[in-house]
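Next comes work10.cif, with mmCIF, C-alpha atoms.
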data_coords
loop_
_atom_site.group_PDB
_atom_site.id
_atom_site.type_symbol
_atom_site.label_atom_id
_atom_site.label_comp_id
_atom_site.auth_asym_id
_atom_site.auth_seq_id
_atom_site.Cartn_x
_atom_site.Cartn_y
_atom_site.Cartn_z
ATOM 1 C CA MET A 1 134.199 8.644 111.580
ATOM 2 C CA ALA A 2 133.386 12.339 111.147
ATOM 3 C CA ASP A 3 135.644 14.506 109.016
ATOM 4 C CA VAL A 4 137.677 17.203 110.747
ATOM 5 C CA PRO A 5 136.477 20.589 109.452
ATOM 6 C CA SER A 6 138.682 23.032 107.552
ATOM 7 C CA PRO A 7 140.769 25.120 108.274
ATOM 8 C CA LEU A 8 141.517 23.029 111.362
ATOM 9 C CA ALA A 9 142.120 19.993 109.133
ATOM 10 C CA ALA A 10 144.782 21.796 107.085
ATOM 11 C CA PHE A 11 146.632 22.779 110.243
ATOM 12 C CA ILE A 12 146.533 19.256 111.715
ATOM 13 C CA VAL A 13 147.605 17.644 108.415
ATOM 14 C CA GLY A 14 150.563 20.028 108.233
ATOM 15 C CA GLU A 15 151.629 19.126 111.766
ATOM 16 C CA ILE A 16 151.315 15.381 111.069
ATOM 17 C CA ARG A 17 153.341 15.732 107.874
ATOM 18 C CA ARG A 18 156.075 17.624 109.724
ATOM 19 C CA ALA A 19 156.139 15.043 112.505
ATOM 20 C CA ARG A 20 156.336 12.207 109.974
ATOM 21 C CA GLY A 21 159.250 13.897 108.210
ATOM 22 C CA GLY A 22 160.982 14.604 111.495
ATOM 23 C CA ALA A 23 160.703 10.924 112.385
ATOM 24 C CA GLY A 24 162.276 9.966 109.047
ATOM 25 C CA MET A 25 159.194 7.996 107.991
ATOM 26 C CA THR A 26 158.040 7.571 104.409
ATOM 27 C CA GLN A 27 154.336 7.669 103.649
ATOM 28 C CA GLU A 28 154.442 3.883 103.315
ATOM 29 C CA THR A 29 156.078 3.202 106.696
ATOM 30 C CA PHE A 30 153.880 5.812 108.373
ATOM 31 C CA GLY A 31 150.801 4.236 106.765
ATOM 32 C CA ARG A 32 151.699 0.776 108.048
ATOM 33 C CA GLY A 33 151.895 2.103 111.588
ATOM 34 C CA ALA A 34 148.725 4.169 111.218
ATOM 35 C CA GLY A 35 146.675 1.461 109.503
ATOM 36 C CA PHE A 36 146.334 3.186 106.116
ATOM 37 C CA SER A 37 147.778 2.644 102.654
ATOM 38 C CA ALA A 38 150.531 4.905 101.326
ATOM 39 C CA SER A 39 148.098 6.214 98.709
ATOM 40 C CA HIS A 40 145.611 7.115 101.441
ATOM 41 C CA VAL A 41 148.324 8.956 103.378
ATOM 42 C CA SER A 42 149.368 10.779 100.216
ATOM 43 C CA ALA A 43 145.778 11.806 99.481
ATOM 44 C CA VAL A 44 145.246 13.176 103.007
ATOM 45 C CA GLU A 45 148.531 15.066 102.954
ATOM 46 C CA GLY A 46 147.743 16.393 99.477
ATOM 47 C CA GLY A 47 144.299 17.611 100.514
ATOM 48 C CA THR A 48 142.348 15.406 98.112
ATOM 49 C CA ARG A 49 141.003 13.156 100.869
ATOM 50 C CA ALA A 50 139.267 14.300 104.055
ATOM 51 C CA LEU A 51 141.078 14.118 107.370
ATOM 52 C CA THR A 52 139.164 11.930 109.810
ATOM 53 C CA MET A 53 139.519 11.185 113.502
ATOM 54 C CA ASP A 54 140.435 7.595 112.526
ATOM 55 C CA PHE A 55 143.411 8.942 110.582
ATOM 56 C CA ILE A 56 144.411 11.218 113.476
ATOM 57 C CA LYS A 57 144.304 8.319 115.941
ATOM 58 C CA GLY A 58 146.363 6.268 113.472
ATOM 59 C CA ALA A 59 148.910 9.086 113.247
ATOM 60 C CA ASP A 60 149.207 9.130 117.036
ATOM 61 C CA ARG A 61 149.855 5.362 116.989
ATOM 62 C CA ALA A 62 152.397 5.505 114.167
ATOM 63 C CA LEU A 63 154.295 8.418 115.677
ATOM 64 C CA ARG A 64 153.844 7.218 119.290
ATOM 65 C CA THR A 65 152.677 10.634 120.433
ATOM 66 C CA GLY A 66 150.522 9.413 123.320
ATOM 67 C CA GLY A 67 147.389 10.901 121.748
ATOM 68 C CA LEU A 68 148.882 14.350 121.047
ATOM 69 C CA PHE A 69 147.110 14.991 117.744
ATOM 70 C CA GLU A 70 143.740 13.823 119.044
ATOM 71 C CA ARG A 71 144.084 16.195 122.018
ATOM 72 C CA LEU A 72 145.185 18.971 119.675
ATOM 73 C CA VAL A 73 142.012 18.608 117.605
ATOM 74 C CA ALA A 74 139.913 18.745 120.763
ATOM 75 C CA SER A 75 141.715 21.857 122.041
ATOM 76 C CA VAL A 76 142.116 23.850 118.840
ATOM 77 C CA GLY A 77 138.648 22.898 117.703
ATOM 78 C CA ALA A 78 137.037 24.350 120.832
ATOM 79 C CA PRO A 79 135.584 27.861 120.701
ATOM 80 C CA SER A 80 138.255 30.478 121.435
ATOM 81 C CA TRP A 81 136.380 31.755 124.481
ATOM 82 C CA PHE A 82 136.477 28.238 125.988
ATOM 83 C CA LEU A 83 140.203 27.559 125.604
ATOM 84 C CA PRO A 84 141.357 29.435 128.761
ATOM 85 C CA TRP A 85 138.860 27.460 130.818
ATOM 86 C CA LEU A 86 140.013 24.170 129.241
ATOM 87 C CA ASP A 87 143.567 24.988 130.320
ATOM 88 C CA ALA A 88 142.392 25.703 133.876
ATOM 89 C CA GLU A 89 140.267 22.558 133.962
ATOM 90 C CA ARG A 90 143.184 20.349 132.879
ATOM 91 C CA ALA A 91 145.528 21.884 135.463
ATOM 92 C CA ALA A 92 143.037 21.922 138.335
ATOM 93 C CA THR A 93 143.481 20.058 141.595
ATOM 94 C CA GLN A 94 139.893 20.862 142.605
ATOM 95 C CA LEU A 95 136.825 21.569 140.450
ATOM 96 C CA ARG A 96 133.401 22.921 141.381
ATOM 97 C CA TYR A 97 130.464 22.867 138.956
ATOM 98 C CA PHE A 98 126.900 24.091 139.354
ATOM 99 C CA GLU A 99 124.338 23.440 136.599
ATOM 100 C CA PRO A 100 120.648 24.371 136.904
ATOM 101 C CA ASN A 101 119.487 22.655 133.700
ATOM 102 C CA LEU A 102 121.979 20.072 132.437
ATOM 103 C CA ILE A 103 124.436 17.446 133.638
ATOM 104 C CA PRO A 104 127.936 19.037 133.514
ATOM 105 C CA GLY A 105 130.064 18.117 130.498
ATOM 106 C CA LEU A 106 132.686 16.261 132.546
ATOM 107 C CA LEU A 107 130.038 13.724 133.587
ATOM 108 C CA GLN A 108 128.055 13.457 130.338
ATOM 109 C CA THR A 109 127.670 10.270 128.331
ATOM 110 C CA ASP A 110 128.226 10.333 124.564
ATOM 111 C CA ALA A 111 124.496 9.945 123.885
ATOM 112 C CA TYR A 112 123.466 12.689 126.305
ATOM 113 C CA ALA A 113 126.104 15.099 124.948
ATOM 114 C CA ARG A 114 124.924 14.337 121.418
ATOM 115 C CA ALA A 115 121.280 14.993 122.355
ATOM 116 C CA VAL A 116 122.171 18.314 123.985
ATOM 117 C CA LEU A 117 124.299 19.457 121.041
ATOM 118 C CA ARG A 118 121.527 18.607 118.579
ATOM 119 C CA LEU A 119 119.411 21.303 120.202
ATOM 120 C CA ASP A 120 121.487 23.790 118.206
ATOM 121 C CA PRO A 121 120.038 23.675 114.673
ATOM 122 C CA ARG A 122 123.143 25.371 113.229
ATOM 123 C CA LEU A 123 125.386 22.393 113.931
ATOM 124 C CA SER A 124 125.933 19.747 111.270
ATOM 125 C CA GLU A 125 126.124 16.079 112.264
ATOM 126 C CA ASP A 126 129.880 16.135 111.616
ATOM 127 C CA GLU A 127 130.310 19.138 113.891
ATOM 128 C CA ILE A 128 128.163 17.525 116.578
ATOM 129 C CA GLU A 129 130.289 14.369 116.476
ATOM 130 C CA ARG A 130 133.475 16.427 116.685
ATOM 131 C CA ARG A 131 132.150 18.280 119.722
ATOM 132 C CA VAL A 132 131.054 15.045 121.383
ATOM 133 C CA THR A 133 134.574 13.668 120.900
ATOM 134 C CA ALA A 134 136.070 16.838 122.362
ATOM 135 C CA ARG A 135 133.718 16.743 125.350
ATOM 136 C CA VAL A 136 134.503 13.115 126.126
ATOM 137 C CA GLU A 137 138.226 13.823 125.726
ATOM 138 C CA ARG A 138 137.965 16.376 128.556
ATOM 139 C CA GLN A 139 136.846 13.619 130.911
ATOM 140 C CA VAL A 140 140.241 11.893 130.960
ATOM 141 C CA ILE A 141 141.311 14.274 133.737
ATOM 142 C CA LEU A 142 138.995 12.406 136.104
ATOM 143 C CA THR A 143 140.994 9.170 135.802
ATOM 144 C CA ARG A 144 144.518 10.575 135.758
ATOM 145 C CA GLU A 145 146.841 10.177 138.745
ATOM 146 C CA PRO A 146 146.189 12.065 140.887
ATOM 147 C CA PRO A 147 142.712 13.096 139.724
ATOM 148 C CA PRO A 148 141.155 16.442 140.667
ATOM 149 C CA GLN A 149 138.578 16.522 143.444
ATOM 150 C CA LEU A 150 135.295 17.237 141.667
ATOM 151 C CA VAL A 151 132.165 18.518 143.404
ATOM 152 C CA VAL A 152 129.044 18.910 141.266
ATOM 153 C CA VAL A 153 125.735 20.505 142.235
ATOM 154 C CA VAL A 154 122.737 20.222 139.904
ATOM 155 C CA ASP A 155 119.164 21.348 140.231
ATOM 156 C CA GLU A 156 116.605 18.519 140.434
ATOM 157 C CA GLN A 157 115.191 19.727 137.111
ATOM 158 C CA ALA A 158 118.458 18.702 135.432
ATOM 159 C CA ILE A 159 118.007 15.046 136.397
ATOM 160 C CA ARG A 160 114.304 14.977 135.497
ATOM 161 C CA ARG A 161 114.577 16.662 132.109
ATOM 162 C CA ALA A 162 113.425 13.957 129.694
ATOM 163 C CA GLY A 163 110.797 13.631 126.996
ATOM 164 C CA ASP A 164 110.295 13.129 123.264
ATOM 165 C CA GLY A 165 111.796 9.657 123.484
ATOM 166 C CA THR A 166 114.873 10.685 125.497
ATOM 167 C CA GLU A 167 114.050 8.498 128.514
ATOM 168 C CA LYS A 168 116.592 5.860 127.448
ATOM 169 C CA VAL A 169 119.283 8.523 127.029
ATOM 170 C CA MET A 170 118.478 9.976 130.462
ATOM 171 C CA ALA A 171 118.443 6.526 132.072
ATOM 172 C CA GLU A 172 121.916 5.847 130.683
ATOM 173 C CA GLN A 173 123.084 9.300 131.750
ATOM 174 C CA LEU A 174 121.811 9.043 135.313
ATOM 175 C CA THR A 175 123.202 5.527 135.676
ATOM 176 C CA HIS A 176 126.571 6.896 134.551
ATOM 177 C CA LEU A 177 126.220 9.815 136.982
ATOM 178 C CA LEU A 178 125.614 7.389 139.857
ATOM 179 C CA ALA A 179 128.676 5.342 138.887
ATOM 180 C CA CYS A 180 130.836 8.469 138.719
ATOM 181 C CA ALA A 181 129.572 9.606 142.120
ATOM 182 C CA GLU A 182 130.857 6.398 143.695
ATOM 183 C CA ARG A 183 134.448 7.364 142.882
ATOM 184 C CA PRO A 184 136.344 8.818 145.843
ATOM 185 C CA ASN A 185 137.273 11.979 143.939
ATOM 186 C CA ILE A 186 133.747 12.830 142.729
ATOM 187 C CA SER A 187 130.824 14.124 144.771
ATOM 188 C CA VAL A 188 127.390 14.848 143.273
ATOM 189 C CA HIS A 189 124.663 16.841 145.042
ATOM 190 C CA VAL A 190 121.124 17.728 143.998
ATOM 191 C CA ILE A 191 119.096 20.802 144.942
ATOM 192 C CA PRO A 192 115.574 19.398 145.469
ATOM 193 C CA ALA A 193 112.655 20.973 143.637
ATOM 194 C CA ASP A 194 110.922 21.985 146.858
ATOM 195 C CA VAL A 195 113.670 24.523 147.554
ATOM 196 C CA GLY A 196 111.972 26.793 145.028
ATOM 197 C CA LEU A 197 113.854 29.951 144.077
ATOM 198 C CA HIS A 198 117.585 30.006 144.806
ATOM 199 C CA ALA A 199 120.684 31.977 143.788
ATOM 200 C CA GLY A 200 121.833 29.408 141.235
ATOM 201 C CA LEU A 201 118.869 29.923 138.935
ATOM 202 C CA SER A 202 120.666 32.898 137.364
ATOM 203 C CA GLY A 203 122.954 30.449 135.532
ATOM 204 C CA PRO A 204 125.706 27.824 135.669
ATOM 205 C CA LEU A 205 129.105 28.478 137.210
ATOM 206 C CA SER A 206 132.433 26.652 137.400
ATOM 207 C CA LEU A 207 135.472 27.051 139.651
ATOM 208 C CA ALA A 208 138.953 25.523 139.345
ATOM 209 C CA ARG A 209 141.692 25.521 141.979
ATOM 210 C CA LEU A 210 145.160 25.399 140.433
ATOM 211 C CA ALA A 211 148.300 23.821 141.862
ATOM 212 C CA ASP A 212 149.568 27.175 143.159
ATOM 213 C CA GLY A 213 146.410 27.631 145.232
ATOM 214 C CA SER A 214 144.844 30.253 142.963
ATOM 215 C CA TRP A 215 141.300 29.940 141.638
ATOM 216 C CA VAL A 216 139.781 30.548 138.221
ATOM 217 C CA GLY A 217 136.066 30.824 137.510
ATOM 218 C CA HIS A 218 134.002 30.353 134.389
ATOM 219 C CA LEU A 219 130.561 31.621 133.410
ATOM 220 C CA GLU A 220 128.812 30.353 130.286
ATOM 221 C CA ASN A 221 125.914 32.010 128.491
ATOM 222 C CA GLN A 222 123.968 31.785 125.230
ATOM 223 C CA LEU A 223 126.673 33.578 123.230
ATOM 224 C CA GLY A 224 129.864 32.229 124.781
ATOM 225 C CA GLY A 225 131.554 32.417 128.142
ATOM 226 C CA ASP A 226 133.890 34.380 130.368
ATOM 227 C CA VAL A 227 136.880 33.294 132.429
ATOM 228 C CA VAL A 228 136.989 35.035 135.814
ATOM 229 C CA ASP A 229 140.194 35.584 137.787
ATOM 230 C CA ARG A 230 139.743 39.001 139.431
ATOM 231 C CA PRO A 231 139.436 38.647 143.228
ATOM 232 C CA GLU A 232 136.208 40.628 143.554
ATOM 233 C CA LYS A 233 134.482 38.563 140.845
ATOM 234 C CA LEU A 234 135.772 35.323 142.298
ATOM 235 C CA ASP A 235 134.374 36.363 145.680
ATOM 236 C CA THR A 236 130.951 36.736 144.066
ATOM 237 C CA LEU A 237 131.215 33.295 142.465
ATOM 238 C CA PHE A 238 132.242 31.708 145.751
ATOM 239 C CA ASP A 239 129.251 33.344 147.455
ATOM 240 C CA ARG A 240 126.977 31.895 144.770
ATOM 241 C CA TRP A 241 128.665 28.498 145.050
ATOM 242 C CA GLU A 242 128.247 28.383 148.825
ATOM 243 C CA SER A 243 124.602 29.354 148.428
ATOM 244 C CA VAL A 244 123.782 26.520 146.000
ATOM 245 C CA ARG A 245 125.917 24.024 147.897
ATOM 246 C CA THR A 246 124.037 24.856 151.105
ATOM 247 C CA GLU A 247 120.658 24.318 149.411
ATOM 248 C CA ALA A 248 121.712 20.927 148.004
ATOM 249 C CA LEU A 249 121.029 17.580 149.647
ATOM 250 C CA PRO A 250 123.892 15.651 151.285
ATOM 251 C CA ARG A 251 125.735 13.204 149.049
ATOM 252 C CA ARG A 252 123.895 10.001 149.984
ATOM 253 C CA GLN A 253 120.463 11.616 149.891
ATOM 254 C CA SER A 254 121.306 13.100 146.497
ATOM 255 C CA LEU A 255 122.229 9.687 145.111
ATOM 256 C CA ASP A 256 119.011 8.220 146.525
ATOM 257 C CA LEU A 257 117.015 10.912 144.725
ATOM 258 C CA ILE A 258 118.807 10.186 141.438
ATOM 259 C CA LYS A 259 118.041 6.471 141.850
ATOM 260 C CA GLU A 260 114.384 7.302 142.485
ATOM 261 C CA VAL A 261 114.223 9.430 139.326
ATOM 262 C CA VAL A 262 115.907 6.875 137.063
ATOM 263 C CA SER A 263 114.070 3.779 138.303
ATOM 264 C CA PRO A 264 110.975 4.155 136.027
ATOM 265 C CA TRP A 265 113.220 4.468 132.957
ATOM 266 C CA ILE A 266 115.215 1.264 133.419
#
Serialized structure, structure tokens:
Amino acid sequence: MADVPSPLAAFIVGEIRRARGGAGMTQETFGRGAGFSASHVSAVEGGTRALTMDFIKGADRALRTGGLFERLVASVGAPSWFLPWLDAERAATQLRYFEPNLIPGLLQTDAYARAVLRLDPRLSEDEIERRVTARVERQVILTREPPPQLVVVVDEQAIRRAGDGTEKVMAEQLTHLLACAERPNISVHVIPADVGLHAGLSGPLSLARLADGSWVGHLENQLGGDVVDRPEKLDTLFDRWESVRTEALPRRQSLDLIKEVVSPWI
């Protein structure tokens, strides 16, 4: 399992050590619950052995945190500009996503997310694996009770984008997308290629409705992203959303198109 990068690792190790002490557990008793030897625990806490996601998951088991430390790694390890959106996404009762080029992160498979992240040559394999874990961790909101109502619109190009041996990855991804779209809380729509130019081609957008009825938007670009909560900017995003939603096929026709696209790859 990939190592957790520093300085995040030092922070997480410190929190685990404090939690272990607060629970009155020795390194030996903690190690038994986590699945590691006392010497391994000592080495991690002393900084002479790398912190891994396996160790973090073991710490959550030993301390019965319900996955707290694993979620903490996913949250703290995300780019700072993305954290406000993560908070909104977790708290949302309704979510709206439009993507012109990719399948949205909440519906990505591990393999697809990994292939997308590898397009950034600056990322090491360890960092890619950490980001894949964080992306998949976000998806737990879709199976909580009650789950948010998720509506996704993608351009047809996003479901046809395959090549250089990625057909198997895309087949798995589209099969997963179809399965997700059968859930009562998830609706997937495709803008067909024959629509031509449309308002969504300027970039992806996301919208989250919170429990108090307010909305938060998110715009991502090559250098980061922006959270939008000012009424006039939200109005613009809603106009864009309605435009792409209107251009998209109805739900059943969208799923039929996805099935048509994936059939040669399976």
Resolved residues for the PyMOL selection byres ((chain A and resi 182-195) around 9) as a PyMOL selection string: chain A and resi 100+142+147-157+159+177-181+196-198+244-255+257-258
With all atoms of stretch 142-156 of chain A from the file as input, state the centre and edge lengths in Å to one decimal of the axis-aligned box that has 8 Å extra on each side, as lines of an AutoDock Vina configuration file.
center_x = 131.7
center_y = 15.3
center_z = 139.6
size_x = 46.2
size_y = 28.2
size_z = 23.7
Counting all atoms listed in the file, the residue of A:Gly14, A:Pro104, A:Gly58, A:Gly200 that sits nearest A:Phe36: A:Gly58
Quick one: which residues end up in the PyMOL selection byres ((chain A and resi 33) around 12) for this structure, as a list in words?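 Selection result, ordered by chain and number: Arg20, Met25, Thr26, Gln27, Glu28, Thr29, Phe30, Gly31, Arg32, Ala34, Gly35, Phe36, Ser37, Ala38, Val41, Phe55, Ile56, Lys57, Gly58, Ala59, Asp60, Arg61, Ala62, Leu63 and Arg64 of chain A.
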Hey, which of A:Ile141, A:Ala162, A:Leu95, A:Ala199 ends up closest to A:Val216? Count only C-alpha atoms.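 Going through A:Ile141, A:Ala162, A:Leu95, A:Ala199 one by one, the smallest distance to A:Val216 is for A:Leu95.
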May I ask for the distance between atom CA of A:Leu205 and atom CA of A:Val140, given in Å to one decimal place?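 Between these atoms lies a distance of 20.9 Å.
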Could you build a table of the residues in stretch 71-171 of chain A lying no more than 10 Å from stretch 232-242 of chain A, giving for each the nearest pair of atoms and their separation in Å rounded to one decimal place, using all atoms listed in the file, ordered by chain and ascending residue number, as CSV?
residue,atom,partner,partner_atom,distance
A:Arg96,CA,A:Trp241,CA,8.2
A:Tyr97,CA,A:Trp241,CA,8.5
A:Phe98,CA,A:Trp241,CA,7.4
A:Val153,CA,A:Trp241,CA,9.0
Restricting the calculation to all atoms listed in the file, which member of A:Glu127, A:Phe82, A:Pro231, A:Val116 is positioned closest to A:Leu219? A:Phe82
What is the distance, in Å and to one decimal place, between atom CA of A:Ala208 and atom CA of A:Gly66? 25.5 Å
Distance in Å - atom CA of A:Asp212 versus atom CA of A:Gln108: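 These atoms are spaced 28.6 Å apart.
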Name the residues that the PyMOL selection byres ((chain A and resi 168) around 12) picks from the file above, as an MDAnalysis selection string, using the file's chain letters and numbers. chainID A and resid 109 111:112 115 161:167 169:175 262:266
Those selected residues, please, written with C-alpha atoms and delivered as a short mmCIF file (atom, residue, chain, number, x, y, z; two decimals), keeping the file's coordinate frame.
data_model
loop_
_atom_site.label_atom_id
_atom_site.label_comp_id
_atom_site.auth_asym_id
_atom_site.auth_seq_id
_atom_site.Cartn_x
_atom_site.Cartn_y
_atom_site.Cartn_z
CA THR A 109 127.67 10.27 128.33
CA ALA A 111 124.50 9.94 123.88
CA TYR A 112 123.47 12.69 126.30
CA ALA A 115 121.28 14.99 122.36
CA ARG A 161 114.58 16.66 132.11
CA ALA A 162 113.42 13.96 129.69
CA GLY A 163 110.80 13.63 127.00
CA ASP A 164 110.30 13.13 123.26
CA GLY A 165 111.80 9.66 123.48
CA THR A 166 114.87 10.68 125.50
CA GLU A 167 114.05 8.50 128.51
CA VAL A 169 119.28 8.52 127.03
CA MET A 170 118.48 9.98 130.46
CA ALA A 171 118.44 6.53 132.07
CA GLU A 172 121.92 5.85 130.68
CA GLN A 173 123.08 9.30 131.75
CA LEU A 174 121.81 9.04 135.31
CA THR A 175 123.20 5.53 135.68
CA VAL A 262 115.91 6.88 137.06
CA SER A 263 114.07 3.78 138.30
CA PRO A 264 110.98 4.16 136.03
CA TRP A 265 113.22 4.47 132.96
CA ILE A 266 115.22 1.26 133.42
#
Counting only C-alpha atoms, the residue among A:Arg49, A:Arg90, A:Arg144, A:Arg71 that lies closest to A:Ala211 is A:Arg90
Closest of A:Ala10, A:Leu68, A:Arg138, A:Val73 to A:Gly46 - atom-to-atom distances counting all atoms listed in the file: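 Among the listed residues, the smallest separation from A:Gly46 belongs to A:Ala10.
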Could you give me, as a ChimeraX atom specification, the residues that sit within 12 Å of (126.8, 22.8, 119.8) in the file's coordinates, counting only C-alpha atoms? /A:78-79,113-132,134-135,222-224
